[in-house]
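For reference, the structure discussed in these notes is given below.
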Amino acid sequence: MLLPRTRRSPVPPETCNLSRAIGLIGEKWNLMILRSALYGLRRFEDFHAELGIPRTVLSDRLKALTESGLLEKVPYREPGKRARHEYVLTEMGGGLRPILIALTQWGDKWLAGGEAPIAFTERDGGPVHAGLVGTKGQEIPVTDLRVVLRK
(Lines give C-alpha, C1' and ligand atoms only; values in the text may rest on other atoms or scores of the structure.)
Protein backbone atom coordinates (compact mmCIF):
# COMPACT_ATOMS: atom_id res chain seq x y z
CA MET A 1 0.00 0.00 0.00
CA LEU A 2 1.61 3.23 -1.13
CA LEU A 3 -0.06 6.29 0.29
CA PRO A 4 0.40 9.66 -1.37
CA ARG A 5 3.09 11.83 0.18
CA THR A 6 1.69 14.24 2.73
CA ARG A 7 3.00 16.77 5.20
CA ARG A 8 0.54 15.82 7.94
CA SER A 9 -1.26 12.72 9.12
CA PRO A 10 -4.99 12.76 8.39
CA VAL A 11 -5.67 12.71 12.15
CA PRO A 12 -3.60 14.78 14.61
CA PRO A 13 -1.79 12.61 17.21
CA GLU A 14 -3.76 14.15 20.08
CA THR A 15 -7.08 12.87 18.64
CA CYS A 16 -5.78 9.66 16.99
CA ASN A 17 -6.84 6.39 18.61
CA LEU A 18 -3.74 4.64 17.26
CA SER A 19 -1.63 7.25 19.05
CA ARG A 20 -3.63 6.68 22.25
CA ALA A 21 -3.20 2.89 21.98
CA ILE A 22 0.55 3.24 21.42
CA GLY A 23 0.74 5.47 24.49
CA LEU A 24 -1.04 2.82 26.55
CA ILE A 25 0.74 -0.34 25.44
CA GLY A 26 3.75 0.87 23.45
CA GLU A 27 6.33 0.83 26.23
CA LYS A 28 8.62 -2.24 25.93
CA TRP A 29 7.90 -3.76 29.34
CA ASN A 30 4.14 -3.30 28.95
CA LEU A 31 4.26 -5.22 25.67
CA MET A 32 6.48 -7.93 27.16
CA ILE A 33 4.11 -8.39 30.12
CA LEU A 34 1.10 -8.54 27.77
CA ARG A 35 2.96 -11.05 25.58
CA SER A 36 3.60 -13.28 28.60
CA ALA A 37 -0.02 -12.90 29.74
CA LEU A 38 -1.14 -13.96 26.24
CA TYR A 39 0.83 -17.18 26.77
CA GLY A 40 -0.77 -17.76 30.18
CA LEU A 41 1.51 -16.20 32.78
CA ARG A 42 -0.40 -14.59 35.64
CA ARG A 43 1.78 -14.36 38.72
CA PHE A 44 4.29 -11.69 39.67
CA GLU A 45 7.10 -14.17 40.28
CA ASP A 46 6.48 -15.88 36.93
CA PHE A 47 6.63 -12.56 35.05
CA HIS A 48 9.78 -11.63 36.97
CA ALA A 49 11.52 -14.96 36.30
CA GLU A 50 10.62 -15.07 32.61
CA LEU A 51 11.30 -11.45 31.69
CA GLY A 52 14.21 -10.59 33.97
CA ILE A 53 12.53 -7.26 34.60
CA PRO A 54 13.52 -5.38 37.77
CA ARG A 55 10.94 -6.00 40.50
CA THR A 56 10.12 -2.31 40.99
CA VAL A 57 9.60 -1.82 37.24
CA LEU A 58 7.41 -4.93 37.07
CA SER A 59 5.34 -3.73 40.01
CA ASP A 60 4.87 -0.30 38.41
CA ARG A 61 3.94 -1.77 35.01
CA LEU A 62 1.48 -4.29 36.47
CA LYS A 63 -0.15 -1.47 38.43
CA ALA A 64 -0.42 0.70 35.30
CA LEU A 65 -1.77 -2.17 33.15
CA THR A 66 -4.32 -2.93 35.87
CA GLU A 67 -5.38 0.71 36.25
CA SER A 68 -5.74 1.02 32.47
CA GLY A 69 -8.10 -1.98 32.39
CA LEU A 70 -5.87 -4.38 30.43
CA LEU A 71 -5.21 -6.68 33.39
CA GLU A 72 -7.30 -7.54 36.43
CA LYS A 73 -5.73 -8.21 39.81
CA VAL A 74 -7.34 -11.38 41.18
CA PRO A 75 -6.61 -12.82 44.65
CA TYR A 76 -5.57 -16.45 45.04
CA ARG A 77 -4.25 -18.56 47.91
CA GLU A 78 -2.25 -21.74 47.75
CA PRO A 79 -2.86 -24.14 50.66
CA GLY A 80 -0.73 -23.21 53.66
CA LYS A 81 0.47 -19.94 52.12
CA ARG A 82 -0.57 -16.32 52.43
CA ALA A 83 -3.01 -14.72 49.98
CA ARG A 84 -1.45 -13.28 46.84
CA HIS A 85 -2.63 -11.77 43.56
CA GLU A 86 -2.37 -12.85 39.97
CA TYR A 87 -2.87 -10.70 36.90
CA VAL A 88 -5.44 -11.89 34.37
CA LEU A 89 -6.11 -10.39 30.95
CA THR A 90 -9.43 -8.56 30.92
CA GLU A 91 -11.72 -8.48 27.91
CA MET A 92 -9.93 -5.26 26.91
CA GLY A 93 -6.51 -6.91 27.32
CA GLY A 94 -7.67 -10.03 25.49
CA GLY A 95 -8.72 -7.76 22.63
CA LEU A 96 -5.00 -7.28 21.97
CA ARG A 97 -4.58 -10.96 21.00
CA PRO A 98 -5.02 -10.38 17.25
CA ILE A 99 -2.49 -7.53 17.39
CA LEU A 100 0.06 -9.56 19.35
CA ILE A 101 -0.45 -12.55 17.02
CA ALA A 102 0.02 -10.26 14.01
CA LEU A 103 3.26 -8.91 15.53
CA THR A 104 4.43 -12.48 16.19
CA GLN A 105 3.76 -13.51 12.61
CA TRP A 106 5.39 -10.33 11.29
CA GLY A 107 8.48 -11.16 13.38
CA ASP A 108 8.47 -14.75 12.06
CA LYS A 109 8.52 -13.47 8.48
CA TRP A 110 10.77 -10.44 8.68
CA LEU A 111 13.06 -11.09 11.66
CA ALA A 112 13.45 -14.87 11.61
CA GLY A 113 13.43 -15.70 7.91
CA GLY A 114 10.10 -17.49 8.13
CA GLU A 115 11.09 -19.64 11.12
CA ALA A 116 8.21 -19.75 13.59
CA PRO A 117 8.89 -21.20 17.07
CA ILE A 118 5.16 -21.15 17.86
CA ALA A 119 2.01 -21.50 15.80
CA PHE A 120 -1.54 -20.33 16.34
CA THR A 121 -4.22 -22.80 15.28
CA GLU A 122 -7.94 -23.35 15.29
CA ARG A 123 -9.30 -25.99 17.70
CA ASP A 124 -9.08 -28.61 14.95
CA GLY A 125 -5.39 -27.79 14.42
CA GLY A 126 -5.76 -25.75 11.24
CA PRO A 127 -3.35 -22.82 10.98
CA VAL A 128 -4.47 -19.28 11.71
CA HIS A 129 -2.84 -16.15 10.35
CA ALA A 130 -3.50 -12.51 11.04
CA GLY A 131 -4.90 -10.50 8.17
CA LEU A 132 -7.36 -7.87 7.05
CA VAL A 133 -10.92 -9.05 6.53
CA GLY A 134 -13.52 -7.24 4.44
CA THR A 135 -17.24 -6.91 5.21
CA LYS A 136 -17.99 -10.04 3.16
CA GLY A 137 -15.53 -12.12 5.18
CA GLN A 138 -12.85 -12.22 2.50
CA GLU A 139 -9.19 -11.45 3.15
CA ILE A 140 -8.13 -8.07 1.78
CA PRO A 141 -4.61 -7.70 0.36
CA VAL A 142 -2.79 -4.82 2.02
CA THR A 143 -2.33 -3.31 -1.45
CA ASP A 144 -6.13 -2.86 -1.64
CA LEU A 145 -6.38 -1.07 1.70
CA ARG A 146 -7.45 2.58 1.71
CA VAL A 147 -7.28 5.07 4.53
CA VAL A 148 -10.40 7.25 4.63
CA LEU A 149 -10.84 10.18 6.99
CA ARG A 150 -14.25 10.14 8.70
CA LYS A 151 -15.83 13.49 9.30
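Going through the C-alpha coordinates in order, the chains are called A, B, and so on, while each chain numbers its residues from 1 and the ligands are numbered from 1 in the order shown.
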
Hey, what does DSSP flag as strand (DSSP E or B) within segment 7-88 of chain A? Can you give it to me as an mmCIF file with N, CA, C and O atoms, in the first residue's frame?
data_model
loop_
_atom_site.group_PDB
_atom_site.id
_atom_site.type_symbol
_atom_site.label_atom_id
_atom_site.label_comp_id
_atom_site.auth_asym_id
_atom_site.auth_seq_id
_atom_site.Cartn_x
_atom_site.Cartn_y
_atom_site.Cartn_z
ATOM 1 N N ARG A 43 1.263 -14.694 37.402
ATOM 2 C CA ARG A 43 1.783 -14.357 38.722
ATOM 3 C C ARG A 43 3.052 -13.516 38.637
ATOM 4 O O ARG A 43 3.877 -13.694 37.743
ATOM 5 N N LEU A 71 -5.346 -5.527 32.498
ATOM 6 C CA LEU A 71 -5.210 -6.677 33.391
ATOM 7 C C LEU A 71 -6.119 -6.479 34.588
ATOM 8 O O LEU A 71 -6.435 -5.345 34.959
ATOM 9 N N GLU A 72 -6.517 -7.581 35.190
ATOM 10 C CA GLU A 72 -7.296 -7.538 36.426
ATOM 11 C C GLU A 72 -6.501 -8.253 37.511
ATOM 12 O O GLU A 72 -5.958 -9.340 37.275
ATOM 13 N N LYS A 73 -6.431 -7.635 38.666
ATOM 14 C CA LYS A 73 -5.727 -8.208 39.809
ATOM 15 C C LYS A 73 -6.706 -9.096 40.567
ATOM 16 O O LYS A 73 -7.718 -8.614 41.091
ATOM 17 N N VAL A 74 -6.420 -10.396 40.599
ATOM 18 C CA VAL A 74 -7.340 -11.380 41.180
ATOM 19 C C VAL A 74 -6.629 -12.091 42.335
ATOM 20 O O VAL A 74 -5.524 -12.614 42.156
ATOM 21 N N PRO A 75 -7.261 -12.133 43.522
ATOM 22 C CA PRO A 75 -6.613 -12.818 44.648
ATOM 23 C C PRO A 75 -6.644 -14.341 44.470
ATOM 24 O O PRO A 75 -7.571 -14.894 43.881
ATOM 25 N N TYR A 76 -5.608 -14.995 44.979
ATOM 26 C CA TYR A 76 -5.569 -16.453 45.045
ATOM 27 C C TYR A 76 -4.785 -16.832 46.296
ATOM 28 O O TYR A 76 -4.063 -16.028 46.869
ATOM 29 N N ARG A 84 -2.212 -14.060 47.817
ATOM 30 C CA ARG A 84 -1.451 -13.283 46.842
ATOM 31 C C ARG A 84 -2.397 -12.874 45.721
ATOM 32 O O ARG A 84 -3.574 -13.186 45.749
ATOM 33 N N HIS A 85 -1.839 -12.186 44.716
ATOM 34 C CA HIS A 85 -2.632 -11.768 43.560
ATOM 35 C C HIS A 85 -2.002 -12.301 42.281
ATOM 36 O O HIS A 85 -0.792 -12.458 42.194
ATOM 37 N N GLU A 86 -2.849 -12.563 41.318
ATOM 38 C CA GLU A 86 -2.372 -12.849 39.974
ATOM 39 C C GLU A 86 -3.017 -11.844 39.038
ATOM 40 O O GLU A 86 -3.987 -11.177 39.396
ATOM 41 N N TYR A 87 -2.454 -11.724 37.857
ATOM 42 C CA TYR A 87 -2.868 -10.702 36.900
ATOM 43 C C TYR A 87 -3.420 -11.391 35.657
ATOM 44 O O TYR A 87 -2.692 -12.084 34.956
ATOM 45 N N VAL A 88 -4.713 -11.198 35.434
ATOM 46 C CA VAL A 88 -5.436 -11.890 34.365
ATOM 47 C C VAL A 88 -5.830 -10.874 33.295
ATOM 48 O O VAL A 88 -6.276 -9.770 33.610
#

Going by DSSP on the backbone, which bits of chain A are helix (DSSP H, G or I)? Write them as a ChimeraX atom specification, please. /A:13-15,17-25,28-38,44-51,55-67,91-94,97-110,142-144

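Nearest to Ser68 of chain A of all the residues A:Leu51, A:Ile25, A:Leu38, A:Cys16 is A:Ile25, counting only C-alpha atoms.
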
Work out how far atom CA of Leu149 of chain A is from atom CA of Pro13 of chain A, in Å to one decimal. 13.9 Å

Residues at most 12 Å from Pro10 of chain A, counting only C-alpha atoms, excluding those fewer than 5 positions away in the same chain, as a PyMOL selection string? chain A and resi 3-5+15-16+147-151

note - atom CA of Arg35 of chain A and atom CA of Arg97 of chain A are separated by 8.8 Å

Residues at most 10 Å from Pro98 of chain A, counting only C-alpha atoms, excluding those fewer than 4 positions away in the same chain, as a VMD selection string? chain A and resid 94 102 to 104 129 to 131

Test item: residues at most 10 Å from Trp29 of chain A, only C-alpha atoms, excluding those fewer than 2 positions along its chain, as a PDB file with N, CA and C atoms, in the first residue's frame:
ATOM      1  N   ILE A  25       0.061   0.958  25.444  1.00  0.00           N
ATOM      2  CA  ILE A  25       0.745  -0.342  25.439  1.00  0.00           C
ATOM      3  C   ILE A  25       2.146  -0.298  24.844  1.00  0.00           C
ATOM      4  N   GLY A  26       2.542   0.820  24.248  1.00  0.00           N
ATOM      5  CA  GLY A  26       3.751   0.869  23.452  1.00  0.00           C
ATOM      6  C   GLY A  26       5.071   0.782  24.187  1.00  0.00           C
ATOM      7  N   GLU A  27       5.091   0.925  25.476  1.00  0.00           N
ATOM      8  CA  GLU A  27       6.330   0.826  26.232  1.00  0.00           C
ATOM      9  C   GLU A  27       6.774  -0.642  26.248  1.00  0.00           C
ATOM     10  N   LEU A  31       4.465  -4.235  26.736  1.00  0.00           N
ATOM     11  CA  LEU A  31       4.256  -5.222  25.672  1.00  0.00           C
ATOM     12  C   LEU A  31       4.788  -6.591  26.068  1.00  0.00           C
ATOM     13  N   MET A  32       5.919  -6.640  26.742  1.00  0.00           N
ATOM     14  CA  MET A  32       6.478  -7.929  27.155  1.00  0.00           C
ATOM     15  C   MET A  32       5.585  -8.612  28.201  1.00  0.00           C
ATOM     16  N   ILE A  33       5.028  -7.833  29.124  1.00  0.00           N
ATOM     17  CA  ILE A  33       4.106  -8.395  30.119  1.00  0.00           C
ATOM     18  C   ILE A  33       2.843  -8.905  29.425  1.00  0.00           C
ATOM     19  N   LEU A  34       2.297  -8.118  28.508  1.00  0.00           N
ATOM     20  CA  LEU A  34       1.101  -8.542  27.774  1.00  0.00           C
ATOM     21  C   LEU A  34       1.381  -9.779  26.936  1.00  0.00           C
ATOM     22  N   ARG A  35       2.552  -9.867  26.335  1.00  0.00           N
ATOM     23  CA  ARG A  35       2.960 -11.052  25.581  1.00  0.00           C
ATOM     24  C   ARG A  35       2.948 -12.280  26.483  1.00  0.00           C
ATOM     25  N   LEU A  51      10.887 -12.670  32.382  1.00  0.00           N
ATOM     26  CA  LEU A  51      11.297 -11.455  31.688  1.00  0.00           C
ATOM     27  C   LEU A  51      12.608 -10.859  32.189  1.00  0.00           C
ATOM     28  N   ILE A  53      12.851  -8.663  34.367  1.00  0.00           N
ATOM     29  CA  ILE A  53      12.529  -7.261  34.601  1.00  0.00           C
ATOM     30  C   ILE A  53      12.783  -6.922  36.075  1.00  0.00           C
ATOM     31  N   VAL A  57      10.158  -2.140  38.557  1.00  0.00           N
ATOM     32  CA  VAL A  57       9.601  -1.818  37.239  1.00  0.00           C
ATOM     33  C   VAL A  57       8.397  -2.711  36.964  1.00  0.00           C
ATOM     34  N   LEU A  58       8.526  -4.002  37.269  1.00  0.00           N
ATOM     35  CA  LEU A  58       7.408  -4.928  37.069  1.00  0.00           C
ATOM     36  C   LEU A  58       6.207  -4.506  37.902  1.00  0.00           C
ATOM     37  N   ARG A  61       4.622  -1.456  36.281  1.00  0.00           N
ATOM     38  CA  ARG A  61       3.944  -1.773  35.013  1.00  0.00           C
ATOM     39  C   ARG A  61       2.663  -2.565  35.250  1.00  0.00           C
ATOM     40  N   LEU A  62       2.696  -3.523  36.165  1.00  0.00           N
ATOM     41  CA  LEU A  62       1.481  -4.285  36.473  1.00  0.00           C
ATOM     42  C   LEU A  62       0.398  -3.365  37.039  1.00  0.00           C
TER      43      LEU A  62
END

For Ala116 of chain A, list every protein, DNA or RNA residue within 12 Å, evaluated using only C-alpha atoms, and leave out those in the same chain fewer than 6 positions away; present the list as an mmCIF file with N, CA and C atoms, in the first residue's frame.
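Final output, around24.cif:
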data_model
loop_
_atom_site.group_PDB
_atom_site.id
_atom_site.type_symbol
_atom_site.label_atom_id
_atom_site.label_comp_id
_atom_site.auth_asym_id
_atom_site.auth_seq_id
_atom_site.Cartn_x
_atom_site.Cartn_y
_atom_site.Cartn_z
ATOM 1 N N ILE A 101 -0.659 -11.450 17.974
ATOM 2 C CA ILE A 101 -0.453 -12.549 17.025
ATOM 3 C C ILE A 101 0.087 -11.998 15.709
ATOM 4 N N THR A 104 3.669 -11.229 16.161
ATOM 5 C CA THR A 104 4.425 -12.482 16.188
ATOM 6 C C THR A 104 4.676 -12.973 14.772
ATOM 7 N N GLN A 105 3.630 -13.008 13.965
ATOM 8 C CA GLN A 105 3.762 -13.511 12.607
ATOM 9 C C GLN A 105 4.594 -12.570 11.739
ATOM 10 N N TRP A 106 4.531 -11.283 11.981
ATOM 11 C CA TRP A 106 5.394 -10.328 11.290
ATOM 12 C C TRP A 106 6.854 -10.626 11.644
ATOM 13 N N GLY A 107 7.128 -10.839 12.934
ATOM 14 C CA GLY A 107 8.485 -11.165 13.378
ATOM 15 C C GLY A 107 8.979 -12.473 12.777
ATOM 16 N N ASP A 108 8.092 -13.474 12.691
ATOM 17 C CA ASP A 108 8.470 -14.747 12.065
ATOM 18 C C ASP A 108 8.947 -14.508 10.633
ATOM 19 N N LYS A 109 8.206 -13.703 9.895
ATOM 20 C CA LYS A 109 8.519 -13.469 8.483
ATOM 21 C C LYS A 109 9.744 -12.586 8.293
ATOM 22 N N TRP A 110 9.776 -11.456 8.981
ATOM 23 C CA TRP A 110 10.773 -10.444 8.683
ATOM 24 C C TRP A 110 12.010 -10.482 9.574
#

Between atom CA of Gly114 of chain A and atom CA of Gly126 of chain A, what is the spacing in Å?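 Distance reported for this atom pair: 18.1 Å.
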